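S.K.: Structure in structure tokens, see below.
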Amino acid sequence: MAMKRVAVSAIRAISSSGTTTLSRNLHDSAGKKKIVGVFYKANEYAKLNPNFVGCVEGALGIREWLESQGHQYIVTDDKEGPNSELEKHIPDLHVLITTPFHPAYVTAERIKRAKNLKLLLTAGIGSDHVDLNAAAAAGLTVAEVTGSNVVSVAEDELMRILILVRNFLPGHHQVINGEWNVAGIAHRAYDLEGKTVGTVGAGRIGRLLLQRLKPFNCNLLYHDRLRITPELEKETGAKFEEDLDAMLPKCDVVVINTPLTEKTKGLFDKERIAKCKKGVLFVNNARGAIMDTQAVVDACSSGHIAGYSGDVWNPQPAPKDHPWRYMPNQAMTPHISGTTIDAQLRYAAGVKDMLDRYFKGEDFPAQNYIVKEGELASQYR
């Protein structure tokens, strides 16, 4: 069946100034859909694990299911520039699926040209690669697989805290380089017990991290717009800090667990980093743009930040000349924390479930919506 542009189903005023939202009804047409997936390429690693579904080659494990229903499913890693594979399909795709690990940046300009686009799905959590305001104004639905990789990310954060506190990387590099210098490691290696760890954000990942840190006998602090439950505060011993700037000087370790929004973009600039104690350790698996890139470089170079570890960059993939690759006292990796095999299976299943609901005209689980009927989820407002 030939694909056709679906008529705009509603025009709704969203402000007193007369700005309008064009509502592209998520379920206003039956028929075959063009679905585009943007994932990272696995190359020679694709065949090493049958459950490696989060890559181009694995295609979330839904190709046969989609094509058996007559839908067109195109998968690529080529997402940047006017001649990219993704750009070729922007004008007539109905659904775009991408991941935070290799994000297709969905700008207002792309949304404007995507006349058939109805649904943007994130295979994972975190949809800041989409211009959410533009998506809301265009009446698009944006959804993600909430909770799919929170355990994966929380475990990774705990690992990075230990790597920094114990000064692990210099010792590992010594082994590779044929060296043996205990003093070069031990002079800044510490126990985690008794240290103060503060998480900026105590959502699903932040709460899991607090629970996992409890057995280490740390002093736990958290800052968030909402308090966690009294039961969880009692279980973890975590103390609520309403004022972020008052919390930071108390922390030996600061963990970033807040989504990237207009309010949190550049949250940790030169001035805020200066409020931290000298020798602070940072772990950031949230989003790279929450940090001022150069401010982090300068603080690591001066020693004000004694160690910085994370897997998120701005932009992604990080260019070869990104300064975080070369700054001292870093333990950075590509964006890997939320794409373990276990996480891939969970978010692939979540994407399939939402596509199935979309084809049937059913609503998604409420917690999965990031933009619905012109409204942004509370964490992005």
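Naming scheme: A, B, ... for chains in displayed order of the structure tokens; residues 1 onward per chain; ligands 1 onward as shown.
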Might you pull out every residue within 7 Å of region 291-305 of chain A, with only C-alpha atoms counted and same-chain residues fewer than 4 positions away left off, and present them as a tab-separated table (two decimals) with N, CA and C atoms, in the first residue's frame?
M.R.:
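Resulting contents of out-v5.tsv:
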```
chain	number	residue	atom	x	y	z
A	266	GLY	N	24.45	22.79	31.47
A	266	GLY	CA	25.51	23.63	32.01
A	266	GLY	C	25.39	23.89	33.50
A	267	LEU	N	24.66	23.04	34.20
A	267	LEU	CA	24.44	23.23	35.64
A	267	LEU	C	25.75	23.31	36.40
A	268	PHE	N	26.71	22.47	36.02
A	268	PHE	CA	28.02	22.49	36.69
A	268	PHE	C	29.00	23.28	35.83
A	269	ASP	N	28.97	24.59	36.06
A	269	ASP	CA	29.91	25.49	35.39
A	269	ASP	C	31.08	25.77	36.32
A	270	LYS	N	31.93	26.67	35.94
A	270	LYS	CA	33.12	26.99	36.72
A	270	LYS	C	32.77	27.41	38.15
A	278	LYS	N	38.05	20.84	47.38
A	278	LYS	CA	39.21	20.50	46.55
A	278	LYS	C	39.48	19.00	46.65
A	279	GLY	N	39.67	18.36	45.52
A	279	GLY	CA	39.89	16.92	45.50
A	279	GLY	C	38.62	16.11	45.34
A	280	VAL	N	37.51	16.76	45.01
A	280	VAL	CA	36.26	16.06	44.82
A	280	VAL	C	36.34	15.09	43.64
A	281	LEU	N	35.56	14.03	43.72
A	281	LEU	CA	35.45	13.06	42.63
A	281	LEU	C	34.06	13.18	42.00
A	323	PRO	N	38.15	17.41	24.46
A	323	PRO	CA	39.16	17.61	25.50
A	323	PRO	C	39.06	16.64	26.67
A	324	TRP	N	37.90	16.04	26.89
A	324	TRP	CA	37.79	15.08	27.99
A	324	TRP	C	38.60	13.81	27.71
A	327	MET	N	42.21	15.10	29.17
A	327	MET	CA	42.42	15.77	30.45
A	327	MET	C	42.95	14.77	31.48
A	328	PRO	N	43.70	15.24	32.47
A	328	PRO	CA	44.23	14.34	33.49
A	328	PRO	C	43.13	13.87	34.44
A	329	ASN	N	43.43	12.81	35.16
A	329	ASN	CA	42.55	12.31	36.23
A	329	ASN	C	41.16	11.94	35.75
```
S.K.: Looking only at alpha helix (DSSP H) from DSSP on the backbone, list the matching residues of region 101-344 of chain A as an MDAnalysis selection string.
M.R.: chainID A and resid 108:113 132:137 150:165 168:176 183:186 204:213 230:236 244:247 270:274 293:302 341:344
S.K.: Show me a table, sorted first by chain and then by increasing residue number, of the residues of region 306-375 of chain A having an atom at most 12 Å from region 145-166 of chain A, each with its shortest atom pair and the distance in Å to one decimal, counting only C-alpha atoms and written as CSV.
M.R.:
```
residue,atom,partner,partner_atom,distance
A:Ala306,CA,A:Leu164,CA,8.5
A:Gly307,CA,A:Leu164,CA,6.0
A:Tyr308,CA,A:Leu164,CA,7.6
A:Ser309,CA,A:Arg160,CA,6.3
A:Gly310,CA,A:Arg160,CA,7.5
A:Asp311,CA,A:Asp156,CA,9.5
A:Val312,CA,A:Val153,CA,11.5
A:Asn329,CA,A:Leu164,CA,8.8
A:Gln330,CA,A:Leu164,CA,8.6
A:Ala331,CA,A:Leu164,CA,7.7
A:Met332,CA,A:Arg160,CA,9.3
A:Thr333,CA,A:Arg160,CA,10.5
A:His335,CA,A:Val153,CA,10.4
A:Ile336,CA,A:Val153,CA,8.8
A:Ser337,CA,A:Val153,CA,5.0
A:Gly338,CA,A:Asn149,CA,5.2
A:Thr339,CA,A:Asn149,CA,7.3
A:Thr340,CA,A:Ser152,CA,6.8
A:Ile341,CA,A:Ser152,CA,9.6
A:Asp342,CA,A:Ser152,CA,8.1
A:Ala343,CA,A:Asn149,CA,5.0
A:Gln344,CA,A:Asn149,CA,8.0
A:Leu345,CA,A:Ser148,CA,8.7
A:Arg346,CA,A:Ser148,CA,5.4
A:Tyr347,CA,A:Ser148,CA,5.3
A:Ala348,CA,A:Val145,CA,8.6
A:Ala349,CA,A:Val145,CA,8.8
A:Gly350,CA,A:Val145,CA,5.5
A:Val351,CA,A:Val145,CA,6.8
A:Lys352,CA,A:Val145,CA,10.1
A:Asp353,CA,A:Val145,CA,9.6
A:Met354,CA,A:Val145,CA,8.7
A:Leu355,CA,A:Val145,CA,11.6
A:Phe364,CA,A:Val145,CA,10.0
A:Pro365,CA,A:Thr146,CA,9.1
A:Ala366,CA,A:Thr146,CA,9.7
A:Gln367,CA,A:Thr146,CA,6.5
A:Asn368,CA,A:Thr146,CA,5.3
A:Tyr369,CA,A:Thr146,CA,8.6
A:Ile370,CA,A:Thr146,CA,9.7
```
S.K.: Quick check, in Å to one decimal: how far apart do CA of Gly54 (chain A) and CA of Leu120 (chain A) lie?
M.R.: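 Here the two named atoms are 16.7 Å from each other.
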S.K.: Report, in Å to a single decimal, how far apart CA of Leu140 (chain A) and CA of Gly374 (chain A) are.
M.R.: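 Distance between the two atoms: 7.4 Å.
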S.K.: Would you please give, as an MDAnalysis selection string, all residues of region 69-302 of chain A that DSSP assigns to strand (DSSP E or B) based on the backbone?
M.R.: chainID A and resid 72:76 95:98 106 119:122 130 141:144 196:200 219:223 239:240 253:256 268 280:284 291
S.K.: Excluding same-chain residues fewer than 4 positions from Val56 (chain A), what lies within 9 Å of it counting only C-alpha atoms, as a ChimeraX atom specification?
M.R.: /A:37-43,46,60,75-77
S.K.: Filtering to all heavy atoms, could you give me those residues as a tab-separated table (two decimals), in the first residue's frame?
M.R.:
```tsv
chain	number	residue	atom	x	y	z
A	37	GLY	N	15.24	2.86	12.32
A	37	GLY	CA	15.98	2.70	13.57
A	37	GLY	C	17.40	3.19	13.40
A	37	GLY	O	18.05	2.89	12.38
A	38	VAL	N	17.89	3.95	14.36
A	38	VAL	CA	19.27	4.45	14.34
A	38	VAL	C	19.99	3.89	15.56
A	38	VAL	O	19.66	4.23	16.70
A	38	VAL	CB	19.32	5.99	14.34
A	38	VAL	CG1	20.78	6.46	14.37
A	38	VAL	CG2	18.61	6.55	13.11
A	39	PHE	N	20.95	3.01	15.31
A	39	PHE	CA	21.70	2.35	16.38
A	39	PHE	C	23.19	2.36	16.06
A	39	PHE	O	23.59	2.67	14.94
A	39	PHE	CB	21.22	0.90	16.55
A	39	PHE	CG	19.72	0.75	16.58
A	39	PHE	CD1	19.06	0.05	15.57
A	39	PHE	CD2	18.96	1.32	17.58
A	39	PHE	CE1	17.67	-0.08	15.58
A	39	PHE	CE2	17.57	1.20	17.60
A	39	PHE	CZ	16.93	0.49	16.59
A	40	TYR	N	24.01	2.00	17.02
A	40	TYR	CA	25.44	1.89	16.75
A	40	TYR	C	25.72	0.59	16.00
A	40	TYR	O	24.99	-0.40	16.11
A	40	TYR	CB	26.27	1.96	18.03
A	40	TYR	CG	25.91	0.96	19.12
A	40	TYR	CD1	26.39	-0.35	19.10
A	40	TYR	CD2	25.12	1.35	20.20
A	40	TYR	CE1	26.07	-1.25	20.09
A	40	TYR	CE2	24.79	0.46	21.21
A	40	TYR	CZ	25.26	-0.84	21.15
A	40	TYR	OH	24.94	-1.73	22.13
A	41	LYS	N	26.79	0.59	15.22
A	41	LYS	CA	27.15	-0.57	14.41
A	41	LYS	C	28.08	-1.49	15.21
A	41	LYS	O	29.01	-1.02	15.86
A	41	LYS	CB	27.82	-0.13	13.11
A	41	LYS	CG	27.70	-1.12	11.98
A	41	LYS	CD	28.04	-0.46	10.65
A	41	LYS	CE	27.76	-1.41	9.49
A	41	LYS	NZ	28.05	-0.78	8.19
A	42	ALA	N	27.84	-2.78	15.13
A	42	ALA	CA	28.64	-3.74	15.91
A	42	ALA	C	29.76	-4.37	15.10
A	42	ALA	O	30.72	-4.89	15.68
A	42	ALA	CB	27.74	-4.83	16.47
A	43	ASN	N	29.64	-4.38	13.77
A	43	ASN	CA	30.68	-4.95	12.91
A	43	ASN	C	31.03	-6.38	13.34
A	43	ASN	O	30.14	-7.21	13.46
A	43	ASN	CB	31.91	-4.04	12.90
A	43	ASN	CG	31.59	-2.67	12.33
A	43	ASN	OD1	30.99	-2.57	11.27
A	43	ASN	ND2	31.95	-1.61	13.05
A	46	ALA	N	29.07	-8.35	16.19
A	46	ALA	CA	27.64	-8.62	16.09
A	46	ALA	C	27.31	-10.10	16.26
A	46	ALA	O	26.27	-10.45	16.83
A	46	ALA	CB	27.10	-8.13	14.74
A	60	LEU	N	17.26	-4.61	17.22
A	60	LEU	CA	16.33	-4.82	18.34
A	60	LEU	C	15.58	-6.15	18.24
A	60	LEU	O	14.64	-6.40	19.00
A	60	LEU	CB	15.33	-3.68	18.48
A	60	LEU	CG	15.91	-2.29	18.79
A	60	LEU	CD1	14.78	-1.29	18.98
A	60	LEU	CD2	16.81	-2.32	20.02
A	75	VAL	N	17.28	0.26	9.06
A	75	VAL	CA	18.17	0.43	10.21
A	75	VAL	C	19.52	0.95	9.72
A	75	VAL	O	20.06	0.46	8.72
A	75	VAL	CB	18.35	-0.89	10.98
A	75	VAL	CG1	19.33	-0.71	12.13
A	75	VAL	CG2	17.01	-1.38	11.52
A	76	THR	N	20.07	1.94	10.41
A	76	THR	CA	21.34	2.55	10.01
A	76	THR	C	22.06	3.12	11.21
A	76	THR	O	21.45	3.36	12.26
A	76	THR	CB	21.09	3.66	8.97
A	76	THR	OG1	22.33	4.20	8.54
A	76	THR	CG2	20.26	4.80	9.58
A	77	ASP	N	23.35	3.35	11.06
A	77	ASP	CA	24.11	4.11	12.05
A	77	ASP	C	24.48	5.49	11.50
A	77	ASP	O	25.05	6.31	12.20
A	77	ASP	CB	25.38	3.37	12.46
A	77	ASP	CG	26.42	3.31	11.33
A	77	ASP	OD1	26.01	3.24	10.14
A	77	ASP	OD2	27.62	3.33	11.63
```
S.K.: Between CA of Leu232 (chain A) and CA of Leu244 (chain A), what is the spacing in Å?
M.R.: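 Between these atoms lies a distance of 20.2 Å.
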S.K.: Excluding Asn181 (chain A) and its own-chain neighbours fewer than 6 positions away, which residues fall within 12 Å of it when counting only C-alpha atoms? Please give them as a list in words.
M.R.: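 Final neighbour list, sorted by chain and number: Pro170, Gly171, His172, His173, Gln174, Val175 and His187 of chain A.
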S.K.: Pick from A:Lys118, A:His71, A:Lys195, A:Lys112: nearest to Thr141 (chain A), with only C-alpha atoms counted?
M.R.: A:Lys118
S.K.: May I have the residues within 12 Å of Thr229 (chain A) as a PyMOL selection string, using only C-alpha atoms and disregarding those fewer than 4 positions away in the same chain?
M.R.: chain A and resi 202-203+207+233-240
S.K.: Hey, which of A:Val197, A:Gln69, A:Glu262, A:Ile205 ends up closest to Asp131 (chain A)? Count only C-alpha atoms.
M.R.: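 The shortest atom-to-atom distance to Asp131 (chain A) comes from A:Glu262.
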S.K.: Which one of A:His89, A:Gln379, A:Ala59, A:Leu117 sits closest to Asp224 (chain A) if you count only C-alpha atoms?
M.R.: A:Gln379
